[in-house]
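What follows is the content of start08.txt (compact mmCIF, C-alpha atoms).
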# COMPACT_ATOMS: atom_id res chain seq x y z
CA MET S 124 -43.79 -128.23 33.01
CA ASN S 125 -46.14 -125.95 34.96
CA ARG S 126 -44.58 -124.51 38.05
CA ILE S 127 -45.83 -122.30 40.85
CA MET S 128 -43.24 -119.79 41.93
CA GLU S 129 -42.96 -119.59 45.69
CA LYS S 130 -42.85 -115.97 46.72
CA SER S 131 -41.70 -114.43 49.94
CA TYR S 132 -42.71 -111.09 51.35
CA GLN S 133 -39.83 -109.56 53.28
CA MET S 134 -41.09 -106.70 55.39
CA CYS S 135 -37.84 -105.99 57.23
CA SER S 136 -34.48 -107.66 57.68
CA SER S 137 -35.54 -109.68 60.71
CA ILE S 138 -39.13 -110.61 59.80
CA SER S 139 -40.52 -112.79 57.00
CA TYR S 140 -44.22 -113.44 56.44
CA GLU S 141 -45.83 -116.33 54.62
CA ILE S 142 -47.88 -115.49 51.56
CA GLN S 143 -50.94 -117.70 51.64
CA ASN S 144 -52.37 -116.89 48.24
CA VAL S 145 -49.95 -116.97 45.32
CA THR S 146 -51.14 -116.25 41.84
CA MET S 147 -49.29 -118.27 39.26
CA GLY S 148 -46.93 -115.93 37.45
CA GLN S 149 -44.67 -116.13 34.45
CA THR S 150 -41.63 -117.99 35.76
CA MET S 151 -40.12 -120.14 33.04
CA MET S 152 -37.39 -119.19 30.60
CA ILE S 153 -37.47 -121.49 27.56
CA ALA S 154 -35.16 -121.88 24.57
CA ILE S 155 -36.13 -123.98 21.54
CA PHE S 156 -33.63 -125.07 18.88
CA PHE S 157 -33.78 -127.29 15.78
CA THR S 158 -30.23 -127.81 14.44
CA GLU S 159 -26.76 -128.82 15.66
CA GLY S 160 -25.67 -125.20 15.30
CA GLY S 161 -28.64 -124.15 17.39
CA LYS S 162 -27.72 -126.74 20.00
CA GLN S 163 -24.24 -125.29 20.39
CA LEU S 164 -25.66 -121.79 20.79
CA ALA S 165 -28.27 -123.05 23.31
CA GLU S 166 -25.52 -124.58 25.43
CA LYS S 167 -23.68 -121.27 25.30
CA LEU S 168 -26.82 -119.46 26.45
CA ILE S 169 -27.39 -121.82 29.35
CA SER S 170 -23.92 -121.02 30.68
CA HIS S 171 -25.15 -117.43 31.11
CA TYR S 172 -28.73 -118.32 32.12
CA PRO S 173 -28.71 -121.50 34.24
CA GLU S 174 -32.49 -121.31 34.68
CA LEU S 175 -32.98 -121.72 30.92
CA GLU S 176 -34.97 -124.83 29.94
CA LEU S 177 -33.96 -126.31 26.57
CA TYR S 178 -36.31 -128.01 24.12
CA THR S 179 -35.61 -129.48 20.72
CA THR S 180 -36.58 -132.12 18.16
CA GLU S 181 -36.38 -135.83 18.93
CA ALA S 182 -33.16 -136.25 16.95
CA LEU S 183 -31.28 -133.69 19.08
CA SER S 184 -32.74 -134.37 22.52
CA ASP S 185 -30.34 -135.44 25.26
CA GLU S 186 -29.84 -134.91 28.98
CA LYS S 187 -29.61 -131.13 28.46
CA ALA S 188 -32.62 -130.72 26.20
CA GLU S 189 -36.07 -132.31 26.24
CA GLU S 190 -38.13 -133.08 23.16
CA PHE S 191 -41.00 -130.63 22.73
CA GLU S 192 -44.57 -131.75 22.17
CA LYS S 193 -45.60 -131.60 18.53
CA PRO S 194 -46.83 -129.54 16.84
CA LEU S 195 -44.59 -126.72 17.98
CA SER S 196 -47.47 -124.22 18.15
CA PHE S 197 -49.26 -126.59 20.57
CA PHE S 198 -46.18 -126.79 22.82
CA VAL S 199 -45.79 -122.99 22.80
CA SER S 200 -49.47 -122.38 23.56
CA ASN S 201 -49.40 -124.87 26.45
CA ASN S 202 -46.48 -123.05 28.08
CA TRP S 203 -47.36 -119.48 27.12
CA ARG S 204 -48.88 -118.29 30.39
CA GLU S 205 -46.13 -119.75 32.59
CA SER S 206 -43.23 -118.51 30.45
CA LYS S 207 -41.61 -115.16 31.12
CA THR S 208 -39.29 -115.61 28.12
CA ILE S 209 -39.33 -117.83 25.05
CA ILE S 210 -36.20 -117.87 22.89
CA PHE S 211 -36.22 -119.41 19.43
CA ILE S 212 -32.86 -120.33 17.94
CA SER S 213 -34.20 -120.57 14.43
CA ALA S 214 -35.43 -118.73 11.38
CA LEU S 215 -37.75 -115.86 12.26
CA GLY S 216 -40.60 -117.43 10.27
CA ILE S 217 -40.58 -120.54 12.48
CA ALA S 218 -40.92 -118.37 15.58
CA VAL S 219 -43.73 -116.27 14.10
CA ARG S 220 -45.80 -119.31 13.09
CA ALA S 221 -45.22 -121.00 16.44
CA ILE S 222 -46.39 -118.09 18.58
CA ALA S 223 -49.23 -116.83 16.35
CA PRO S 224 -52.05 -118.86 17.99
CA ALA S 225 -50.94 -117.86 21.52
CA VAL S 226 -50.44 -114.09 21.18
CA ARG S 227 -52.98 -112.14 23.23
CA SER S 228 -51.92 -108.79 24.67
CA LYS S 229 -48.73 -106.81 25.26
CA LEU S 230 -49.80 -106.59 28.91
CA ASP S 231 -49.72 -110.38 29.31
CA ASP S 232 -47.56 -111.97 26.61
CA PRO S 233 -44.07 -113.17 27.51
CA ALA S 234 -40.92 -111.77 25.99
CA VAL S 235 -40.15 -113.58 22.72
CA ILE S 236 -36.69 -113.46 21.17
CA CYS S 237 -35.36 -115.04 18.00
CA ILE S 238 -31.65 -115.77 17.43
CA ASP S 239 -30.18 -117.17 14.24
CA GLU S 240 -28.24 -120.40 14.77
CA LYS S 241 -24.87 -118.72 14.18
CA GLY S 242 -25.61 -116.13 16.85
CA THR S 243 -25.28 -113.13 14.54
CA PHE S 244 -28.57 -111.38 15.35
CA VAL S 245 -30.72 -111.33 18.51
CA ILE S 246 -34.19 -110.14 17.51
CA SER S 247 -36.72 -108.75 19.99
CA LEU S 248 -39.89 -110.21 18.49
CA LEU S 249 -42.65 -109.67 21.05
CA SER S 250 -43.28 -107.77 24.31
CA GLY S 251 -40.27 -105.55 23.85
CA HIS S 252 -41.15 -103.14 26.64
CA ILE S 253 -43.49 -104.70 29.22
CA GLY S 254 -42.15 -108.21 28.76
CA GLY S 255 -38.57 -106.97 28.67
CA ALA S 256 -37.64 -108.49 25.31
CA ASN S 257 -35.76 -105.37 24.17
CA ALA S 258 -33.56 -105.25 27.26
CA LEU S 259 -32.96 -109.01 27.20
CA ALA S 260 -32.11 -108.98 23.51
CA ARG S 261 -29.44 -106.36 24.18
CA GLU S 262 -28.13 -108.34 27.16
CA ILE S 263 -27.93 -111.63 25.25
CA ALA S 264 -26.31 -109.93 22.28
CA GLU S 265 -23.60 -108.52 24.53
CA LYS S 266 -22.96 -111.91 26.16
CA ILE S 267 -22.67 -113.89 22.90
CA GLY S 268 -21.10 -111.20 20.73
CA ALA S 269 -24.15 -110.66 18.52
CA ARG S 270 -26.07 -107.68 17.21
CA PRO S 271 -29.40 -106.81 18.89
CA VAL S 272 -32.30 -106.03 16.57
CA ILE S 273 -34.84 -103.67 18.16
CA THR S 274 -37.67 -102.19 16.11
CA THR S 275 -39.95 -100.34 18.56
CA SER S 276 -40.26 -96.71 17.55
CA THR S 277 -39.31 -95.09 20.87
CA ASP S 278 -36.22 -97.29 21.17
CA VAL S 279 -35.14 -96.59 17.61
CA GLN S 280 -35.45 -92.86 18.33
CA GLY S 281 -33.74 -93.19 21.71
CA LYS S 282 -36.83 -91.90 23.54
CA PRO S 283 -38.52 -93.13 26.75
CA CYS S 284 -41.80 -95.07 26.71
CA LEU S 285 -44.71 -95.65 29.08
CA GLU S 286 -43.90 -99.35 29.65
CA GLY S 287 -40.29 -98.54 30.45
CA LEU S 288 -41.34 -96.06 33.12
CA ALA S 289 -43.85 -98.55 34.51
CA ASN S 290 -41.32 -101.41 34.61
CA SER S 291 -38.62 -99.29 36.23
CA HIS S 292 -40.82 -98.46 39.21
CA SER S 293 -43.19 -101.50 39.32
CA LEU S 294 -46.18 -99.40 38.31
CA VAL S 295 -49.51 -100.65 36.98
CA ILE S 296 -50.67 -99.29 33.62
CA GLU S 297 -54.30 -98.34 34.18
CA SER S 298 -55.47 -98.90 30.62
CA HIS S 299 -54.09 -100.89 27.71
CA GLU S 300 -55.06 -98.06 25.40
CA ASP S 301 -52.81 -95.66 27.32
CA ILE S 302 -49.70 -97.44 26.02
CA LYS S 303 -50.43 -96.56 22.42
CA LYS S 304 -51.65 -93.10 23.39
CA VAL S 305 -48.48 -92.15 25.25
CA ASN S 306 -45.92 -93.88 23.05
CA SER S 307 -47.48 -92.54 19.87
CA ALA S 308 -47.33 -89.03 21.33
CA ILE S 309 -43.65 -89.48 22.27
CA ALA S 310 -42.70 -91.01 18.91
CA ASN S 311 -44.39 -88.13 17.09
CA GLY S 312 -42.58 -85.44 19.02
CA LYS S 313 -45.34 -84.44 21.45
CA ARG S 314 -44.38 -82.98 24.83
CA VAL S 315 -45.04 -85.49 27.62
CA ALA S 316 -44.36 -84.97 31.34
CA VAL S 317 -44.92 -86.90 34.57
CA ILE S 318 -46.86 -85.59 37.57
CA SER S 319 -46.47 -87.65 40.74
CA ASP S 320 -46.72 -87.79 44.52
CA TYR S 321 -44.79 -91.06 44.44
CA LEU S 322 -41.78 -90.88 42.13
CA GLU S 323 -38.53 -89.13 42.92
CA LYS S 324 -37.29 -89.52 39.35
CA ALA S 325 -38.88 -90.36 36.01
CA GLU S 326 -36.22 -91.50 33.57
CA GLY S 327 -36.47 -89.54 30.32
CA PHE S 328 -39.46 -87.41 31.40
CA PRO S 329 -39.81 -83.99 33.05
CA LEU S 330 -41.16 -84.64 36.57
CA TYR S 331 -43.52 -82.42 38.58
CA THR S 332 -45.25 -82.93 41.93
CA ILE S 333 -49.04 -83.02 42.14
CA GLY S 334 -50.27 -79.48 42.70
CA SER S 335 -47.50 -77.89 40.67
CA GLU S 336 -48.36 -75.24 38.12
CA LEU S 337 -48.94 -77.08 34.85
CA LYS S 338 -46.45 -76.32 32.14
CA ASP S 339 -47.15 -76.31 28.43
CA TYR S 340 -47.23 -80.06 27.69
CA ASP S 341 -49.42 -82.09 25.35
CA LEU S 342 -49.89 -85.05 27.70
CA PHE S 343 -49.30 -85.85 31.37
CA ILE S 344 -48.58 -89.21 32.99
CA MET S 345 -50.12 -89.21 36.49
CA VAL S 346 -48.28 -91.53 38.90
CA THR S 347 -50.33 -91.74 42.09
CA SER S 348 -52.48 -94.09 44.16
CA ARG S 349 -55.07 -91.32 44.50
CA LEU S 350 -58.05 -90.78 42.22
CA SER S 351 -56.60 -87.42 41.29
CA ASP S 352 -57.55 -85.53 38.18
CA ILE S 353 -56.22 -82.55 36.29
CA ASN S 354 -57.65 -80.25 33.67
CA ALA S 355 -55.35 -81.53 30.93
CA GLU S 356 -54.87 -84.61 28.76
CA HIS S 357 -53.53 -87.38 31.01
CA VAL S 358 -53.17 -91.11 31.71
CA PHE S 359 -52.54 -92.98 34.96
CA LEU S 360 -49.81 -95.28 36.27
CA ARG S 361 -50.56 -96.80 39.67
CA PRO S 362 -47.89 -97.66 42.26
CA LYS S 363 -48.52 -100.92 44.14
CA ASN S 364 -47.93 -99.19 47.45
CA LEU S 365 -51.00 -99.83 49.62
CA VAL S 366 -51.59 -102.71 52.02
CA ALA S 367 -54.94 -103.44 53.64
CA GLY S 368 -55.09 -104.91 57.13
CA ILE S 369 -58.27 -106.87 57.54
CA GLY S 370 -60.34 -108.58 60.20
CA PHE S 371 -63.51 -110.47 59.27
CA THR S 372 -66.27 -112.73 60.52
CA THR S 373 -66.97 -116.19 59.18
CA ARG S 374 -70.30 -114.95 57.80
CA VAL S 375 -68.86 -112.61 55.18
CA THR S 376 -68.37 -114.02 51.68
CA ALA S 377 -65.38 -113.39 49.43
CA GLU S 378 -67.51 -111.38 47.01
CA GLU S 379 -68.83 -109.18 49.82
CA MET S 380 -65.33 -108.71 51.18
CA ALA S 381 -63.91 -107.66 47.81
CA GLU S 382 -66.82 -105.34 47.07
CA LYS S 383 -66.61 -103.62 50.48
CA ILE S 384 -62.87 -103.03 50.00
CA LYS S 385 -63.40 -101.61 46.51
CA ARG S 386 -66.16 -99.30 47.71
CA SER S 387 -64.07 -98.11 50.67
CA PHE S 388 -61.18 -97.26 48.36
CA GLU S 389 -63.42 -95.35 45.96
CA GLU S 390 -65.10 -93.38 48.76
CA ARG S 391 -61.70 -92.30 50.09
CA GLY S 392 -60.31 -91.38 46.68
CA LEU S 393 -57.89 -94.29 46.36
CA SER S 394 -57.24 -96.51 43.36
CA ILE S 395 -57.89 -100.20 44.04
CA LYS S 396 -55.12 -100.93 41.53
CA SER S 397 -52.60 -99.64 44.07
CA LEU S 398 -53.61 -102.32 46.58
CA THR S 399 -50.90 -104.98 46.76
CA ALA S 400 -52.04 -107.32 49.56
CA LEU S 401 -54.50 -108.17 52.30
CA ALA S 402 -52.78 -108.69 55.67
CA THR S 403 -54.36 -110.52 58.58
CA VAL S 404 -53.48 -112.52 61.69
CA ASP S 405 -51.89 -115.88 60.95
CA PHE S 406 -54.70 -118.11 62.24
CA LYS S 407 -57.18 -116.44 59.85
CA ALA S 408 -54.88 -116.15 56.83
CA GLY S 409 -55.85 -119.60 55.56
CA SER S 410 -59.53 -118.67 55.23
CA ARG S 411 -60.99 -119.83 51.94
CA GLU S 412 -63.15 -116.71 51.63
CA LEU S 413 -60.16 -114.42 52.29
CA LYS S 414 -58.08 -116.22 49.67
CA LYS S 415 -60.93 -115.99 47.18
CA ALA S 416 -61.37 -112.27 47.89
CA ALA S 417 -57.65 -111.75 47.26
CA GLU S 418 -57.98 -113.69 44.02
CA ILE S 419 -60.90 -111.47 42.93
CA LEU S 420 -58.73 -108.41 43.62
CA ASN S 421 -55.68 -110.08 42.03
CA ILE S 422 -53.52 -109.54 45.10
CA GLU S 423 -51.83 -111.61 47.81
CA VAL S 424 -52.63 -112.54 51.38
CA ILE S 425 -49.98 -111.83 53.99
CA SER S 426 -50.02 -113.80 57.23
CA ILE S 427 -48.90 -111.81 60.28
CA PRO S 428 -47.81 -113.79 63.40
CA VAL S 429 -49.84 -113.16 66.56
CA GLU S 430 -46.77 -112.15 68.56
CA GLU S 431 -45.82 -109.49 66.03
CA ILE S 432 -49.30 -107.99 66.33
CA ARG S 433 -49.14 -108.03 70.15
CA ASN S 434 -45.83 -106.17 69.99
CA VAL S 435 -47.41 -103.18 68.22
CA GLU S 436 -51.12 -103.23 69.07
CA ASN S 437 -50.59 -100.68 71.87
CA LYS S 438 -50.00 -98.12 69.11
CA PHE S 439 -53.66 -98.42 68.08
CA LYS S 440 -57.09 -98.20 69.63
CA VAL S 441 -58.03 -101.64 70.95
CA SER S 442 -61.39 -103.31 71.41
CA GLU S 443 -62.05 -105.59 74.36
CA PHE S 444 -64.82 -107.22 72.33
CA VAL S 445 -62.29 -108.13 69.63
CA ARG S 446 -59.85 -109.32 72.28
CA ALA S 447 -62.50 -111.61 73.75
CA SER S 448 -63.24 -112.97 70.26
CA VAL S 449 -59.77 -113.54 68.82
CA GLY S 450 -57.34 -112.90 71.67
CA LEU S 451 -56.09 -109.62 70.22
CA GLY S 452 -57.22 -106.08 70.95
CA SER S 453 -56.84 -105.03 67.32
CA VAL S 454 -56.19 -106.79 64.01
CA ALA S 455 -56.69 -104.54 60.98
CA GLU S 456 -54.47 -101.60 61.93
CA PRO S 457 -51.52 -103.58 63.35
CA CYS S 458 -51.55 -105.88 60.32
CA ALA S 459 -51.57 -102.95 57.89
CA TYR S 460 -48.84 -101.25 59.89
CA ILE S 461 -46.55 -104.30 60.00
CA ALA S 462 -47.15 -105.35 56.39
CA SER S 463 -46.42 -101.83 55.15
CA LYS S 464 -43.01 -101.75 56.90
CA LYS S 465 -44.43 -99.41 59.55
CA GLY S 466 -45.86 -97.17 56.86
CA LYS S 467 -48.29 -94.27 57.06
CA MET S 468 -51.91 -95.13 57.88
CA ILE S 469 -54.15 -93.96 55.03
CA ILE S 470 -57.43 -95.41 56.27
CA ASN S 471 -57.80 -95.93 60.02
CA LYS S 472 -59.76 -98.94 61.25
CA THR S 473 -63.18 -98.86 59.65
CA SER S 474 -66.09 -101.24 60.28
CA LEU S 475 -67.78 -102.27 57.06
CA GLY S 476 -70.31 -104.83 58.20
CA GLY S 477 -68.61 -108.19 58.59
CA ILE S 478 -65.10 -106.84 58.10
CA THR S 479 -62.81 -104.25 59.64
CA LEU S 480 -60.42 -102.55 57.27
CA ALA S 481 -57.32 -100.38 57.66
CA VAL S 482 -55.02 -99.27 54.87
CA ALA S 483 -51.38 -98.18 55.09
CA GLU S 484 -48.93 -96.86 52.53
CA VAL S 485 -45.84 -99.05 52.20
CA LYS S 486 -42.81 -97.28 53.62
CA ARG S 487 -40.01 -97.01 51.07
Would you encode the structure as structure tokens?
Amino acid sequence: MNRIMEKSYQMCSSISYEIQNVTMGQTMMIAIFFTEGGKQLAEKLISHYPELELYTTEALSDEKAEEFEKPLSFFVSNNWRESKTIIFISALGIAVRAIAPAVRSKLDDPAVICIDEKGTFVISLLSGHIGGANALAREIAEKIGARPVITTSTDVQGKPCLEGLANSHSLVIESHEDIKKVNSAIANGKRVAVISDYLEKAEGFPLYTIGSELKDYDLFIMVTSRLSDINAEHVFLRPKNLVAGIGFTTRVTAEEMAEKIKRSFEERGLSIKSLTALATVDFKAGSRELKKAAEILNIEVISIPVEEIRNVENKFKVSEFVRASVGLGSVAEPCAYIASKKGKMIINKTSLGGITLAVAEVKR
């Protein structure tokens, strides 16, 4: 059942780089049914969603649907972390009891949807915003001619929400508590605006650039990779728009590497949550310590081919000592530059004792 999704990191139309460290993500889309009517609806769903995996009771299992492990709550819990969507074609009570032991956090839980066996209602049960259950419930309802049932307050009122803004632009919500803070303010008629040096639009919200004169709002959503602050009530969303190019010695440990990167970001007023990957030359990308450091930071490792680095290293200050050691005049800056799609250098090559670090902003 468990699968590791192979990811690719396309930096430009002609170049593809191997990602050495892949964190297991939510990849599976599961539907569970219990009756003949549910089976017919499941087969209808799979015509629209070929990736859908079907599970059922022993009596109904066939080549299209596997029998789930009993009890149902055990099967759901075992597949919770790897599932991006779980669809129950059943009574709502069955779904609630099945997922209850597995539910953890709206930041991590998969989308859960419940459909009655006749396909009359498609209910968004869990992770409506971040998990995408609300949007998927509407989509499924349209495809099968059903009625979507959405109960989140902002959706009912036709208002935007923090998770929707974050999902639309692949932003990281800095604090779990911010979700309730912002959405409660919106639902209760408070005035909420976005201030950003990153977004060009903010669906449903007034948008201002950082440094603008603050208007009369009750709460601001700051969208930036900088450790900016304002003299007003605010929360942060972080764009994943920074790539670190890195060179390192064999003596440095993963923990030291991660800590040095974090400290460098903080000293330069950057949020570590905006870091999306560590990029290095291909023959060092398989380093166990580098992979572990990326795991600590919850990011990926990008392997940059030697020839690609040689093609651009003349743009940066080179070191003959480094060239004698690894055959390249520079590693950190060219890797950050290439991996960021030739983006803007935010931190020039910096020696941090055992590692060299350069950070670039991904070019959009």
All residues 9 Å or closer to Trp203 (chain S), all atoms listed in the file, same chain fewer than 6 positions away omitted, as a compact mmCIF listing (two decimals) with C-alpha atoms, in the frame of the given file:
# COMPACT_ATOMS: atom_id res chain seq x y z
CA GLN S 149 -44.67 -116.13 34.45
CA ILE S 209 -39.33 -117.83 25.05
CA ILE S 222 -46.39 -118.09 18.58
CA ALA S 225 -50.94 -117.86 21.52
CA VAL S 226 -50.44 -114.09 21.18
CA ASP S 232 -47.56 -111.97 26.61
CA PRO S 233 -44.07 -113.17 27.51
Which residue, S:Ser184, S:Asn306, S:Ser291, S:Thr179, has the smallest gap to Val358 (chain S) when you use all atoms listed in the file? S:Asn306
In Å, rounded to a single decimal, give me how far CA of Ala377 (chain S) is from CA of Phe359 (chain S).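 Going from CA of Phe359 (chain S) over to CA of Ala377 (chain S), I get 28.1 Å.
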Determine, counting only C-alpha atoms, which protein, DNA and RNA residues have an atom within 9 Å of an atom of Ile461 (chain S); residues of the same chain fewer than 6 positions away are not included. Present the result as a PyMOL selection string. chain S and resi 134+402+427+431-432+435
Quick one: distance from CA of Ala258 (chain S) to CA of Ser170 (chain S) in Å, one decimal?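 Answer for the CA of Ala258 (chain S) to CA of Ser170 (chain S) separation: 18.8 Å.
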Shortest interatomic distance to Val245 (chain S) - which of S:Arg361, S:Lys229, S:Arg270, S:Arg314, counting all atoms listed in the file: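 With all atoms listed in the file as the atom set, the closest residue is S:Arg270.
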Local residues around (-45.1, -125.7, 26.2), at most 12 Å away, using only C-alpha atoms, as a short mmCIF file (atom, residue, chain, number, x, y, z; two decimals) with C-alpha atoms, in the frame of the given file:
data_model
loop_
_atom_site.label_atom_id
_atom_site.label_comp_id
_atom_site.auth_asym_id
_atom_site.auth_seq_id
_atom_site.Cartn_x
_atom_site.Cartn_y
_atom_site.Cartn_z
CA MET S 124 -43.79 -128.23 33.01
CA ASN S 125 -46.14 -125.95 34.96
CA ARG S 126 -44.58 -124.51 38.05
CA MET S 151 -40.12 -120.14 33.04
CA MET S 152 -37.39 -119.19 30.60
CA ILE S 153 -37.47 -121.49 27.56
CA ALA S 154 -35.16 -121.88 24.57
CA ILE S 155 -36.13 -123.98 21.54
CA GLU S 176 -34.97 -124.83 29.94
CA LEU S 177 -33.96 -126.31 26.57
CA TYR S 178 -36.31 -128.01 24.12
CA THR S 179 -35.61 -129.48 20.72
CA GLU S 189 -36.07 -132.31 26.24
CA GLU S 190 -38.13 -133.08 23.16
CA PHE S 191 -41.00 -130.63 22.73
CA GLU S 192 -44.57 -131.75 22.17
CA LYS S 193 -45.60 -131.60 18.53
CA PRO S 194 -46.83 -129.54 16.84
CA LEU S 195 -44.59 -126.72 17.98
CA SER S 196 -47.47 -124.22 18.15
CA PHE S 197 -49.26 -126.59 20.57
CA PHE S 198 -46.18 -126.79 22.82
CA VAL S 199 -45.79 -122.99 22.80
CA SER S 200 -49.47 -122.38 23.56
CA ASN S 201 -49.40 -124.87 26.45
CA ASN S 202 -46.48 -123.05 28.08
CA TRP S 203 -47.36 -119.48 27.12
CA ARG S 204 -48.88 -118.29 30.39
CA GLU S 205 -46.13 -119.75 32.59
CA SER S 206 -43.23 -118.51 30.45
CA THR S 208 -39.29 -115.61 28.12
CA ILE S 209 -39.33 -117.83 25.05
CA ALA S 221 -45.22 -121.00 16.44
CA ILE S 222 -46.39 -118.09 18.58
CA ALA S 225 -50.94 -117.86 21.52
#
Interface rows for region 364-392 of chain S against region 407-423 of chain S: nearest pair, Å to one decimal, 9 Å, all atoms listed in the file, as a tab-separated table:
residue	atom	partner	partner_atom	distance
S:Gly370	CA	S:Lys407	CA	8.5
S:Phe371	CA	S:Leu413	CA	8.7
S:Thr373	CA	S:Glu412	CA	8.5
S:Val375	CA	S:Glu412	CA	7.9
S:Thr376	CA	S:Glu412	CA	5.9
S:Ala377	CA	S:Ala416	CA	4.4
S:Glu378	CA	S:Ala416	CA	6.3
S:Glu379	CA	S:Ala416	CA	8.3
S:Met380	CA	S:Ala416	CA	6.3
S:Ala381	CA	S:Ala416	CA	5.3
S:Glu382	CA	S:Ala416	CA	8.9
S:Lys385	CA	S:Leu420	CA	8.7
With distances taken over all atoms listed in the file, which of S:Arg220, S:His171, S:Lys467, S:Lys438 is nearest to Ala367 (chain S)?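 Among S:Arg220, S:His171, S:Lys467, S:Lys438, it is S:Lys467 that comes nearest to Ala367 (chain S).
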Expressed in Å to a single decimal, how great is the separation between CA of Ala400 (chain S) and CA of Gly368 (chain S)?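 That distance, rounded to one decimal, is 8.5 Å.
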The residues within 12 Å of (-47.1, -104.5, 56.9), using all atoms listed in the file and the coordinates of the file, should be reported as a short mmCIF file (atom, residue, chain, number, x, y, z; two decimals) with C-alpha atoms, in the coordinates of the input; which are they?
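Output saved as point_29.cif:
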data_model
loop_
_atom_site.label_atom_id
_atom_site.label_comp_id
_atom_site.auth_asym_id
_atom_site.auth_seq_id
_atom_site.Cartn_x
_atom_site.Cartn_y
_atom_site.Cartn_z
CA TYR S 132 -42.71 -111.09 51.35
CA GLN S 133 -39.83 -109.56 53.28
CA MET S 134 -41.09 -106.70 55.39
CA CYS S 135 -37.84 -105.99 57.23
CA ILE S 138 -39.13 -110.61 59.80
CA SER S 139 -40.52 -112.79 57.00
CA TYR S 140 -44.22 -113.44 56.44
CA ASN S 364 -47.93 -99.19 47.45
CA LEU S 365 -51.00 -99.83 49.62
CA VAL S 366 -51.59 -102.71 52.02
CA ALA S 367 -54.94 -103.44 53.64
CA GLY S 368 -55.09 -104.91 57.13
CA ILE S 369 -58.27 -106.87 57.54
CA THR S 399 -50.90 -104.98 46.76
CA ALA S 400 -52.04 -107.32 49.56
CA LEU S 401 -54.50 -108.17 52.30
CA ALA S 402 -52.78 -108.69 55.67
CA THR S 403 -54.36 -110.52 58.58
CA VAL S 404 -53.48 -112.52 61.69
CA VAL S 424 -52.63 -112.54 51.38
CA ILE S 425 -49.98 -111.83 53.99
CA SER S 426 -50.02 -113.80 57.23
CA ILE S 427 -48.90 -111.81 60.28
CA PRO S 428 -47.81 -113.79 63.40
CA GLU S 431 -45.82 -109.49 66.03
CA ILE S 432 -49.30 -107.99 66.33
CA VAL S 435 -47.41 -103.18 68.22
CA VAL S 454 -56.19 -106.79 64.01
CA ALA S 455 -56.69 -104.54 60.98
CA GLU S 456 -54.47 -101.60 61.93
CA PRO S 457 -51.52 -103.58 63.35
CA CYS S 458 -51.55 -105.88 60.32
CA ALA S 459 -51.57 -102.95 57.89
CA TYR S 460 -48.84 -101.25 59.89
CA ILE S 461 -46.55 -104.30 60.00
CA ALA S 462 -47.15 -105.35 56.39
CA SER S 463 -46.42 -101.83 55.15
CA LYS S 464 -43.01 -101.75 56.90
CA LYS S 465 -44.43 -99.41 59.55
CA GLY S 466 -45.86 -97.17 56.86
CA LYS S 467 -48.29 -94.27 57.06
CA MET S 468 -51.91 -95.13 57.88
CA ALA S 481 -57.32 -100.38 57.66
CA VAL S 482 -55.02 -99.27 54.87
CA ALA S 483 -51.38 -98.18 55.09
CA GLU S 484 -48.93 -96.86 52.53
CA VAL S 485 -45.84 -99.05 52.20
CA LYS S 486 -42.81 -97.28 53.62
CA ARG S 487 -40.01 -97.01 51.07
#
Which is closest to Cys237 (chain S) among S:Gly312, S:Glu174, S:Ser453, S:Gly161, if we use only C-alpha atoms?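 Checking each candidate against Cys237 (chain S), we get S:Gly161 as the closest.
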Taking into account all atoms listed in the file, which residue in the set S:Asp341, S:Glu430, S:Glu389, S:Glu240 is nearest to Leu164 (chain S)?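 Distance minimum relative to Leu164 (chain S) lands on S:Glu240.
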